[in-house]
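A.B. asks: Encoded as C-alpha coordinates, here's the structure I'll be asking about.
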Amino acid sequence: IAQKAEAYLRSTGIADTSFFGPEAEFFIFDNVRYTSNANIQYVEVDSDEAFWNTGRTGGTPNLGHRMRTKEGYFPVAPNDTLQDIRSEMALVLEELGIPVEAQHHEVGGPGQAEIDIRFNSLLKTADNMMLFKYVVKNTARKHGKTATFMPKPVFGDNGSGMHVHSSLWKGKKPLFFDAEGYANLSQLAHYYIGGLLTHAPALLGIVASTTN
(Lines give C-alpha, C1' and ligand atoms only; values in the text may rest on other atoms or scores of the structure.)
Protein backbone atom coordinates (compact mmCIF):
# COMPACT_ATOMS: atom_id res chain seq x y z
CA ILE A 1 0.00 0.00 0.00
CA ALA A 2 2.81 2.40 0.89
CA GLN A 3 4.63 1.65 -2.37
CA LYS A 4 1.44 2.31 -4.37
CA ALA A 5 0.82 5.55 -2.46
CA GLU A 6 4.33 6.80 -3.17
CA ALA A 7 4.04 5.85 -6.84
CA TYR A 8 0.67 7.62 -7.09
CA LEU A 9 2.09 10.78 -5.54
CA ARG A 10 4.87 10.88 -8.14
CA SER A 11 2.39 10.23 -10.94
CA THR A 12 0.35 13.31 -10.00
CA GLY A 13 3.32 15.59 -10.54
CA ILE A 14 2.45 17.42 -7.33
CA ALA A 15 5.48 16.11 -5.43
CA ASP A 16 8.12 13.46 -5.80
CA THR A 17 8.83 12.78 -2.12
CA SER A 18 6.80 12.54 1.06
CA PHE A 19 8.51 12.52 4.45
CA PHE A 20 7.04 11.25 7.72
CA GLY A 21 8.53 11.66 11.19
CA PRO A 22 6.77 9.75 13.98
CA GLU A 23 6.83 10.46 17.73
CA ALA A 24 5.68 7.19 19.28
CA GLU A 25 4.49 7.03 22.89
CA PHE A 26 4.17 3.89 25.01
CA PHE A 27 3.96 2.68 28.61
CA ILE A 28 6.55 0.53 30.37
CA PHE A 29 4.92 -1.52 33.12
CA ASP A 30 6.38 -3.75 35.84
CA ASN A 31 3.40 -6.09 35.97
CA VAL A 32 0.35 -6.96 33.88
CA ARG A 33 -2.47 -9.27 34.92
CA TYR A 34 -5.62 -10.03 32.95
CA THR A 35 -8.26 -12.73 32.71
CA SER A 36 -11.24 -13.27 30.44
CA ASN A 37 -13.23 -16.28 31.56
CA ALA A 38 -16.89 -17.27 31.70
CA ASN A 39 -17.19 -15.98 35.27
CA ILE A 40 -14.59 -13.22 35.57
CA GLN A 41 -13.21 -10.30 33.57
CA TYR A 42 -10.39 -8.06 34.75
CA VAL A 43 -7.18 -6.33 33.78
CA GLU A 44 -4.54 -4.87 36.08
CA VAL A 45 -1.38 -2.98 35.20
CA ASP A 46 1.28 -1.75 37.59
CA SER A 47 4.32 0.50 37.46
CA ASP A 48 6.71 1.16 40.31
CA GLU A 49 6.59 4.83 39.23
CA ALA A 50 2.81 5.04 39.71
CA PHE A 51 1.33 7.31 42.37
CA TRP A 52 -0.83 4.45 43.67
CA ASN A 53 2.32 2.73 44.97
CA THR A 54 3.21 5.44 47.50
CA GLY A 55 1.85 3.25 50.32
CA ARG A 56 3.02 -0.10 48.96
CA THR A 57 4.44 -2.59 51.44
CA GLY A 58 6.26 -5.87 50.89
CA GLY A 59 8.54 -6.88 48.05
CA THR A 60 11.22 -4.36 47.13
CA PRO A 61 11.82 -1.29 49.33
CA ASN A 62 9.45 1.65 48.82
CA LEU A 63 11.73 4.60 48.06
CA GLY A 64 9.11 7.20 47.16
CA HIS A 65 9.80 9.85 44.48
CA ARG A 66 6.67 9.04 42.52
CA MET A 67 4.94 11.31 40.05
CA ARG A 68 1.35 12.39 40.43
CA THR A 69 -1.18 11.99 37.60
CA LYS A 70 -0.18 13.87 34.44
CA GLU A 71 3.10 15.07 35.98
CA GLY A 72 5.47 12.78 34.10
CA TYR A 73 6.70 15.19 31.43
CA PHE A 74 10.49 15.47 31.46
CA PRO A 75 11.17 14.66 35.14
CA VAL A 76 14.71 13.83 36.19
CA ALA A 77 15.96 10.99 38.35
CA PRO A 78 15.04 9.65 40.83
CA ASN A 79 11.43 10.27 39.70
CA ASP A 80 12.26 9.06 36.20
CA THR A 81 13.42 5.48 36.70
CA LEU A 82 13.35 4.54 33.01
CA GLN A 83 16.14 6.72 31.60
CA ASP A 84 18.56 3.81 31.18
CA ILE A 85 16.01 1.54 29.52
CA ARG A 86 14.96 4.24 27.04
CA SER A 87 18.61 5.00 26.31
CA GLU A 88 19.27 1.33 25.59
CA MET A 89 16.26 1.21 23.27
CA ALA A 90 17.59 4.27 21.45
CA LEU A 91 21.09 2.82 21.12
CA VAL A 92 19.74 -0.47 19.72
CA LEU A 93 17.63 1.44 17.20
CA GLU A 94 20.71 3.42 16.15
CA GLU A 95 22.67 0.19 15.72
CA LEU A 96 19.89 -1.08 13.44
CA GLY A 97 20.15 2.03 11.25
CA ILE A 98 17.22 4.00 12.69
CA PRO A 99 18.40 7.48 13.79
CA VAL A 100 16.88 8.64 17.09
CA GLU A 101 16.28 12.35 17.60
CA ALA A 102 15.03 12.36 21.19
CA GLN A 103 13.80 10.19 24.05
CA HIS A 104 12.15 11.22 27.30
CA HIS A 105 9.57 10.40 29.94
CA GLU A 106 6.07 11.38 28.86
CA VAL A 107 3.20 12.99 30.77
CA GLY A 108 1.75 9.72 32.08
CA GLY A 109 3.19 9.16 35.56
CA PRO A 110 2.99 5.34 35.58
CA GLY A 111 5.89 4.71 33.19
CA GLN A 112 4.95 6.54 29.98
CA ALA A 113 7.78 7.08 27.51
CA GLU A 114 8.44 8.60 24.10
CA ILE A 115 11.18 7.96 21.55
CA ASP A 116 11.28 10.07 18.39
CA ILE A 117 12.99 8.75 15.28
CA ARG A 118 14.29 10.67 12.26
CA PHE A 119 11.87 11.29 9.40
CA ASN A 120 12.08 9.26 6.22
CA SER A 121 9.93 8.26 3.25
CA LEU A 122 6.50 6.72 3.83
CA LEU A 123 7.64 3.15 3.11
CA LYS A 124 10.90 3.38 5.05
CA THR A 125 9.21 5.01 8.04
CA ALA A 126 6.53 2.29 8.10
CA ASP A 127 9.25 -0.37 8.11
CA ASN A 128 11.17 1.52 10.79
CA MET A 129 8.11 1.67 13.05
CA MET A 130 7.61 -2.09 12.87
CA LEU A 131 11.23 -2.56 13.96
CA PHE A 132 10.81 0.21 16.55
CA LYS A 133 7.99 -1.63 18.32
CA TYR A 134 9.95 -4.89 18.24
CA VAL A 135 13.00 -3.25 19.84
CA VAL A 136 10.97 -1.42 22.50
CA LYS A 137 9.00 -4.49 23.57
CA ASN A 138 12.00 -6.84 23.67
CA THR A 139 14.30 -4.39 25.43
CA ALA A 140 11.65 -3.89 28.12
CA ARG A 141 11.28 -7.67 28.42
CA LYS A 142 15.07 -8.02 28.80
CA HIS A 143 14.83 -5.83 31.91
CA GLY A 144 11.89 -7.72 33.38
CA LYS A 145 9.34 -5.13 32.29
CA THR A 146 6.65 -5.02 29.61
CA ALA A 147 5.93 -2.29 27.06
CA THR A 148 2.59 -1.54 25.44
CA PHE A 149 1.49 0.83 22.69
CA MET A 150 -2.18 0.57 23.72
CA PRO A 151 -3.81 4.02 23.51
CA LYS A 152 -5.35 4.16 26.99
CA PRO A 153 -4.03 1.55 29.45
CA VAL A 154 -4.39 3.78 32.56
CA PHE A 155 -7.68 5.40 33.56
CA GLY A 156 -7.50 9.11 34.32
CA ASP A 157 -3.97 9.65 33.05
CA ASN A 158 -2.60 10.49 29.64
CA GLY A 159 -3.01 7.97 26.87
CA SER A 160 -0.41 7.09 24.24
CA GLY A 161 -0.48 8.38 20.70
CA MET A 162 1.90 9.04 17.85
CA HIS A 163 2.30 12.49 16.39
CA VAL A 164 3.47 12.20 12.79
CA HIS A 165 5.23 15.15 11.17
CA SER A 166 4.74 15.08 7.41
CA SER A 167 5.81 17.09 4.41
CA LEU A 168 5.81 17.01 0.61
CA TRP A 169 8.87 17.88 -1.45
CA LYS A 170 9.74 18.37 -5.09
CA GLY A 171 13.44 18.00 -5.62
CA LYS A 172 14.92 19.99 -2.76
CA LYS A 173 11.95 22.34 -2.43
CA PRO A 174 9.63 21.99 0.60
CA LEU A 175 6.11 22.39 -0.79
CA PHE A 176 4.45 23.19 2.51
CA PHE A 177 6.40 26.42 3.03
CA ASP A 178 5.29 29.84 1.83
CA ALA A 179 6.84 32.94 3.41
CA GLU A 180 3.70 34.92 2.50
CA GLY A 181 1.18 32.29 3.59
CA TYR A 182 -0.76 32.07 6.83
CA ALA A 183 1.66 30.68 9.48
CA ASN A 184 4.16 30.37 6.60
CA LEU A 185 2.07 27.55 5.15
CA SER A 186 1.47 27.20 1.43
CA GLN A 187 -1.96 26.68 -0.12
CA LEU A 188 -0.95 23.07 -0.77
CA ALA A 189 -0.31 22.61 2.95
CA HIS A 190 -3.81 23.89 3.71
CA TYR A 191 -5.29 21.46 1.17
CA TYR A 192 -3.23 18.66 2.75
CA ILE A 193 -4.62 19.46 6.20
CA GLY A 194 -8.14 19.66 4.76
CA GLY A 195 -7.72 16.25 3.17
CA LEU A 196 -6.68 14.72 6.49
CA LEU A 197 -9.71 16.23 8.24
CA THR A 198 -12.03 15.11 5.43
CA HIS A 199 -10.88 11.50 5.33
CA ALA A 200 -10.10 10.96 9.03
CA PRO A 201 -13.52 9.46 9.93
CA ALA A 202 -13.27 6.86 7.16
CA LEU A 203 -9.65 6.07 7.94
CA LEU A 204 -10.45 5.48 11.61
CA GLY A 205 -12.64 2.55 10.58
CA ILE A 206 -9.53 0.90 9.14
CA VAL A 207 -6.65 2.01 11.36
CA ALA A 208 -8.43 2.29 14.73
CA SER A 209 -11.37 -0.06 14.50
CA THR A 210 -11.14 -1.34 18.09
CA THR A 211 -10.46 0.21 21.50
CA ASN A 212 -6.96 -1.21 21.54
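FYI, nothing fancy with the C-alpha coordinates labels: chains A, B, ... in order, residues from 1 per chain, ligands from 1 as they appear.
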Would you mind listing what lies within 12 Å of region 60-64 of chain A as a list in words, with only C-alpha atoms counted and same-chain residues fewer than 6 positions away left out?

C.D. replies: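 Once the adjacent positions are removed, what remains is Asp48, Glu49, Ala50, Phe51, Trp52, Asn53, Thr54, Ala77, Pro78, Asn79, Asp80 and Thr81 of chain A.
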
A.B. asks: With a distance cut-off of 12 Å and only C-alpha atoms, select the neighbouring residues of region 30-43 of chain A, excluding the residue or stretch itself and same-chain residues fewer than 4 positions from it, and output the selection as a list in words.

C.D. replies: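 That gives Ser47, Asp48, Glu49, Ala50, Asn53, Thr81, Leu82, Pro110, Gly111, Gln112, Ala140, Arg141, Lys142, His143, Gly144, Lys145, Thr146, Ala147, Thr148, Pro153, Val154 and Phe155 of chain A.
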
A.B. asks: What would the file look like if the residues just selected were written as a CSV table (one decimal), in the first residue's frame with N, CA and C atoms?

C.D. replies:
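Now in again_38.csv:
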chain,number,residue,atom,x,y,z
A,47,SER,N,3.0,-0.1,37.7
A,47,SER,CA,4.3,0.5,37.5
A,47,SER,C,4.9,1.0,38.8
A,48,ASP,N,6.1,0.7,39.1
A,48,ASP,CA,6.7,1.2,40.3
A,48,ASP,C,6.7,2.7,40.4
A,49,GLU,N,6.6,3.4,39.2
A,49,GLU,CA,6.6,4.8,39.2
A,49,GLU,C,5.2,5.4,39.6
A,50,ALA,N,4.2,4.6,39.6
A,50,ALA,CA,2.8,5.0,39.7
A,50,ALA,C,2.5,5.6,41.1
A,53,ASN,N,1.4,3.6,44.2
A,53,ASN,CA,2.3,2.7,45.0
A,53,ASN,C,3.0,3.5,46.1
A,81,THR,N,12.6,6.7,36.5
A,81,THR,CA,13.4,5.5,36.7
A,81,THR,C,13.7,4.7,35.4
A,82,LEU,N,13.3,5.3,34.3
A,82,LEU,CA,13.3,4.5,33.0
A,82,LEU,C,14.4,5.1,32.0
A,110,PRO,N,2.7,6.8,35.4
A,110,PRO,CA,3.0,5.3,35.6
A,110,PRO,C,3.8,4.8,34.4
A,111,GLY,N,5.0,5.3,34.1
A,111,GLY,CA,5.9,4.7,33.2
A,111,GLY,C,5.7,5.0,31.7
A,112,GLN,N,5.1,6.2,31.4
A,112,GLN,CA,5.0,6.5,30.0
A,112,GLN,C,6.3,7.1,29.4
A,140,ALA,N,12.4,-3.9,26.8
A,140,ALA,CA,11.6,-3.9,28.1
A,140,ALA,C,11.6,-5.3,28.7
A,141,ARG,N,11.3,-6.3,27.9
A,141,ARG,CA,11.3,-7.7,28.4
A,141,ARG,C,12.6,-8.1,29.0
A,142,LYS,N,13.7,-7.7,28.3
A,142,LYS,CA,15.1,-8.0,28.8
A,142,LYS,C,15.3,-7.5,30.2
A,143,HIS,N,14.7,-6.4,30.6
A,143,HIS,CA,14.8,-5.8,31.9
A,143,HIS,C,13.7,-6.2,32.9
A,144,GLY,N,12.9,-7.2,32.5
A,144,GLY,CA,11.9,-7.7,33.4
A,144,GLY,C,10.7,-6.8,33.4
A,145,LYS,N,10.5,-6.0,32.4
A,145,LYS,CA,9.3,-5.1,32.3
A,145,LYS,C,8.6,-5.4,31.0
A,146,THR,N,7.4,-4.8,30.8
A,146,THR,CA,6.7,-5.0,29.6
A,146,THR,C,6.2,-3.7,29.0
A,147,ALA,N,6.3,-3.5,27.7
A,147,ALA,CA,5.9,-2.3,27.1
A,147,ALA,C,4.7,-2.5,26.2
A,148,THR,N,3.8,-1.5,26.2
A,148,THR,CA,2.6,-1.5,25.4
A,148,THR,C,2.3,-0.2,24.7
A,153,PRO,N,-4.1,2.6,28.5
A,153,PRO,CA,-4.0,1.6,29.5
A,153,PRO,C,-4.3,2.0,30.9
A,154,VAL,N,-4.2,3.3,31.2
A,154,VAL,CA,-4.4,3.8,32.6
A,154,VAL,C,-5.5,4.8,32.6
A,155,PHE,N,-6.5,4.5,33.4
A,155,PHE,CA,-7.7,5.4,33.6
A,155,PHE,C,-7.3,6.7,34.2

A.B. asks: For CA of His163 (chain A) and CA of Glu25 (chain A), determine how far apart the two atoms are, in Å to one decimal place.

C.D. replies: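 Those two atoms sit 8.8 Å apart.
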
A.B. asks: Please extract the residues of region 36-123 of chain A with a backbone DSSP assignment of strand (DSSP E or B) and present them as a CSV table (one decimal) with N, CA, C and O atoms, in the first residue's frame.

C.D. replies:
chain,number,residue,atom,x,y,z
A,36,SER,N,-10.0,-13.4,31.1
A,36,SER,CA,-11.2,-13.3,30.4
A,36,SER,C,-11.8,-14.7,30.4
A,36,SER,O,-11.6,-15.4,29.5
A,41,GLN,N,-13.9,-11.2,34.5
A,41,GLN,CA,-13.2,-10.3,33.6
A,41,GLN,C,-12.4,-9.2,34.3
A,41,GLN,O,-13.0,-8.5,35.2
A,42,TYR,N,-11.1,-9.2,34.1
A,42,TYR,CA,-10.4,-8.1,34.7
A,42,TYR,C,-9.1,-7.8,34.0
A,42,TYR,O,-8.5,-8.7,33.3
A,43,VAL,N,-8.5,-6.6,34.2
A,43,VAL,CA,-7.2,-6.3,33.8
A,43,VAL,C,-6.5,-5.4,34.8
A,43,VAL,O,-7.2,-4.6,35.4
A,44,GLU,N,-5.3,-5.7,35.1
A,44,GLU,CA,-4.5,-4.9,36.1
A,44,GLU,C,-3.1,-4.6,35.6
A,44,GLU,O,-2.4,-5.5,35.1
A,45,VAL,N,-2.7,-3.3,35.6
A,45,VAL,CA,-1.4,-3.0,35.2
A,45,VAL,C,-0.7,-2.3,36.4
A,45,VAL,O,-1.4,-1.7,37.2
A,46,ASP,N,0.6,-2.4,36.5
A,46,ASP,CA,1.3,-1.8,37.6
A,46,ASP,C,2.6,-1.2,37.1
A,46,ASP,O,3.3,-1.8,36.3
A,100,VAL,N,17.8,8.2,16.0
A,100,VAL,CA,16.9,8.6,17.1
A,100,VAL,C,17.2,10.1,17.4
A,100,VAL,O,18.3,10.5,17.5
A,101,GLU,N,16.1,10.9,17.4
A,101,GLU,CA,16.3,12.3,17.6
A,101,GLU,C,16.1,12.7,19.1
A,101,GLU,O,16.7,13.7,19.5
A,102,ALA,N,15.3,12.0,19.8
A,102,ALA,CA,15.0,12.4,21.2
A,102,ALA,C,14.4,11.2,21.9
A,102,ALA,O,13.7,10.4,21.3
A,103,GLN,N,14.5,11.1,23.2
A,103,GLN,CA,13.8,10.2,24.1
A,103,GLN,C,13.6,10.8,25.4
A,103,GLN,O,14.5,11.5,25.9
A,104,HIS,N,12.4,10.6,26.0
A,104,HIS,CA,12.1,11.2,27.3
A,104,HIS,C,10.9,10.6,27.9
A,104,HIS,O,10.2,9.8,27.3
A,105,HIS,N,10.8,10.8,29.2
A,105,HIS,CA,9.6,10.4,29.9
A,105,HIS,C,8.4,11.2,29.5
A,105,HIS,O,8.5,12.4,29.2
A,112,GLN,N,5.1,6.2,31.4
A,112,GLN,CA,5.0,6.5,30.0
A,112,GLN,C,6.3,7.1,29.4
A,112,GLN,O,7.0,7.9,30.0
A,113,ALA,N,6.5,6.7,28.2
A,113,ALA,CA,7.8,7.1,27.5
A,113,ALA,C,7.5,7.5,26.1
A,113,ALA,O,6.5,7.2,25.5
A,114,GLU,N,8.5,8.2,25.5
A,114,GLU,CA,8.4,8.6,24.1
A,114,GLU,C,9.8,8.5,23.5
A,114,GLU,O,10.8,9.0,24.1
A,115,ILE,N,9.9,8.0,22.3
A,115,ILE,CA,11.2,8.0,21.6
A,115,ILE,C,10.9,8.4,20.1
A,115,ILE,O,10.0,7.9,19.5
A,116,ASP,N,11.5,9.5,19.7
A,116,ASP,CA,11.3,10.1,18.4
A,116,ASP,C,12.4,9.7,17.4
A,116,ASP,O,13.6,9.8,17.7
A,117,ILE,N,12.0,9.1,16.3
A,117,ILE,CA,13.0,8.8,15.3
A,117,ILE,C,13.0,9.7,14.1
A,117,ILE,O,12.0,10.5,13.9
A,120,ASN,N,11.6,10.0,7.4
A,120,ASN,CA,12.1,9.3,6.2
A,120,ASN,C,10.9,9.1,5.3
A,120,ASN,O,9.8,9.7,5.6
A,121,SER,N,11.0,8.4,4.2
A,121,SER,CA,9.9,8.3,3.3
A,121,SER,C,8.8,7.4,3.9
A,121,SER,O,9.0,6.8,4.9

A.B. asks: Which polymer residues have any atom within 12 Å of an atom of region 4-11 of chain A, counting only C-alpha atoms, with same-chain residues fewer than 2 positions away left out, as a PyMOL selection string?

C.D. replies: chain A and resi 1-2+13-19+121-124+168-171

A.B. asks: Please report the interatomic distance between CA of Phe26 (chain A) and CA of Pro151 (chain A) in Å with one decimal.

C.D. replies: 8.1 Å

A.B. asks: When DSSP is applied to the backbone of this structure, which of region 20-171 of chain A are assigned helix (DSSP H, G or I)? Write them out as a PyMOL selection string.

C.D. replies: chain A and resi 51-53+83-95+122-142

A.B. asks: Quick one: pull the distance between CA of Lys173 (chain A) and CA of Leu196 (chain A), Å, one decimal.

C.D. replies: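 Computing it gives 22.0 Å between the two atoms.
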
A.B. asks: So that I can check the surroundings of region 198-209 of chain A, please list as a list in words every protein, DNA and RNA residue that reaches within 12 Å of it, counting only C-alpha atoms and ignoring chain neighbours fewer than 5 positions away.

C.D. replies: Met150, Pro151, Gly161, Tyr191, Tyr192 and Ile193 of chain A

A.B. asks: Limited to all heavy atoms, could you put the picked residues into a file as a tab-separated table (two decimals), in the first residue's frame?

C.D. replies:
chain	number	residue	atom	x	y	z
A	150	MET	N	-0.73	0.37	23.60
A	150	MET	CA	-2.18	0.57	23.72
A	150	MET	C	-2.47	2.05	23.97
A	150	MET	O	-1.71	2.73	24.67
A	150	MET	CB	-2.74	-0.25	24.87
A	150	MET	CG	-2.78	-1.74	24.61
A	150	MET	SD	-3.28	-2.67	26.08
A	150	MET	CE	-4.94	-2.03	26.31
A	151	PRO	N	-3.55	2.58	23.40
A	151	PRO	CA	-3.81	4.02	23.51
A	151	PRO	C	-4.23	4.50	24.89
A	151	PRO	O	-4.00	5.66	25.22
A	151	PRO	CB	-4.92	4.25	22.48
A	151	PRO	CG	-5.60	2.93	22.36
A	151	PRO	CD	-4.52	1.91	22.51
A	161	GLY	N	-0.17	8.13	22.10
A	161	GLY	CA	-0.48	8.38	20.70
A	161	GLY	C	0.81	8.42	19.89
A	161	GLY	O	1.86	7.99	20.36
A	191	TYR	N	-4.52	22.53	1.81
A	191	TYR	CA	-5.29	21.46	1.17
A	191	TYR	C	-4.96	20.10	1.81
A	191	TYR	O	-5.84	19.25	1.99
A	191	TYR	CB	-4.98	21.41	-0.33
A	191	TYR	CG	-5.55	22.56	-1.12
A	191	TYR	CD1	-4.89	23.02	-2.26
A	191	TYR	CD2	-6.74	23.17	-0.75
A	191	TYR	CE1	-5.41	24.09	-3.00
A	191	TYR	CE2	-7.26	24.23	-1.48
A	191	TYR	CZ	-6.59	24.68	-2.60
A	191	TYR	OH	-7.10	25.72	-3.34
A	192	TYR	N	-3.69	19.91	2.13
A	192	TYR	CA	-3.23	18.66	2.75
A	192	TYR	C	-3.93	18.46	4.10
A	192	TYR	O	-4.45	17.38	4.39
A	192	TYR	CB	-1.71	18.75	2.94
A	192	TYR	CG	-1.02	17.50	3.41
A	192	TYR	CD1	-0.44	16.61	2.52
A	192	TYR	CD2	-0.89	17.21	4.78
A	192	TYR	CE1	0.24	15.48	2.95
A	192	TYR	CE2	-0.22	16.08	5.22
A	192	TYR	CZ	0.34	15.22	4.31
A	192	TYR	OH	1.02	14.12	4.74
A	193	ILE	N	-3.96	19.52	4.90
A	193	ILE	CA	-4.62	19.46	6.20
A	193	ILE	C	-6.12	19.19	6.02
A	193	ILE	O	-6.72	18.37	6.72
A	193	ILE	CB	-4.42	20.76	6.99
A	193	ILE	CG1	-2.93	20.93	7.33
A	193	ILE	CG2	-5.26	20.79	8.26
A	193	ILE	CD1	-2.57	22.32	7.84

A.B. asks: Of the candidates A:Asn158, A:Ile98, A:Met89, A:Phe149, which shows the shortest atom-to-atom distance to Asp127 (chain A), using only C-alpha atoms?

C.D. replies: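 Going through A:Asn158, A:Ile98, A:Met89, A:Phe149 one by one, the smallest distance to Asp127 (chain A) is for A:Ile98.
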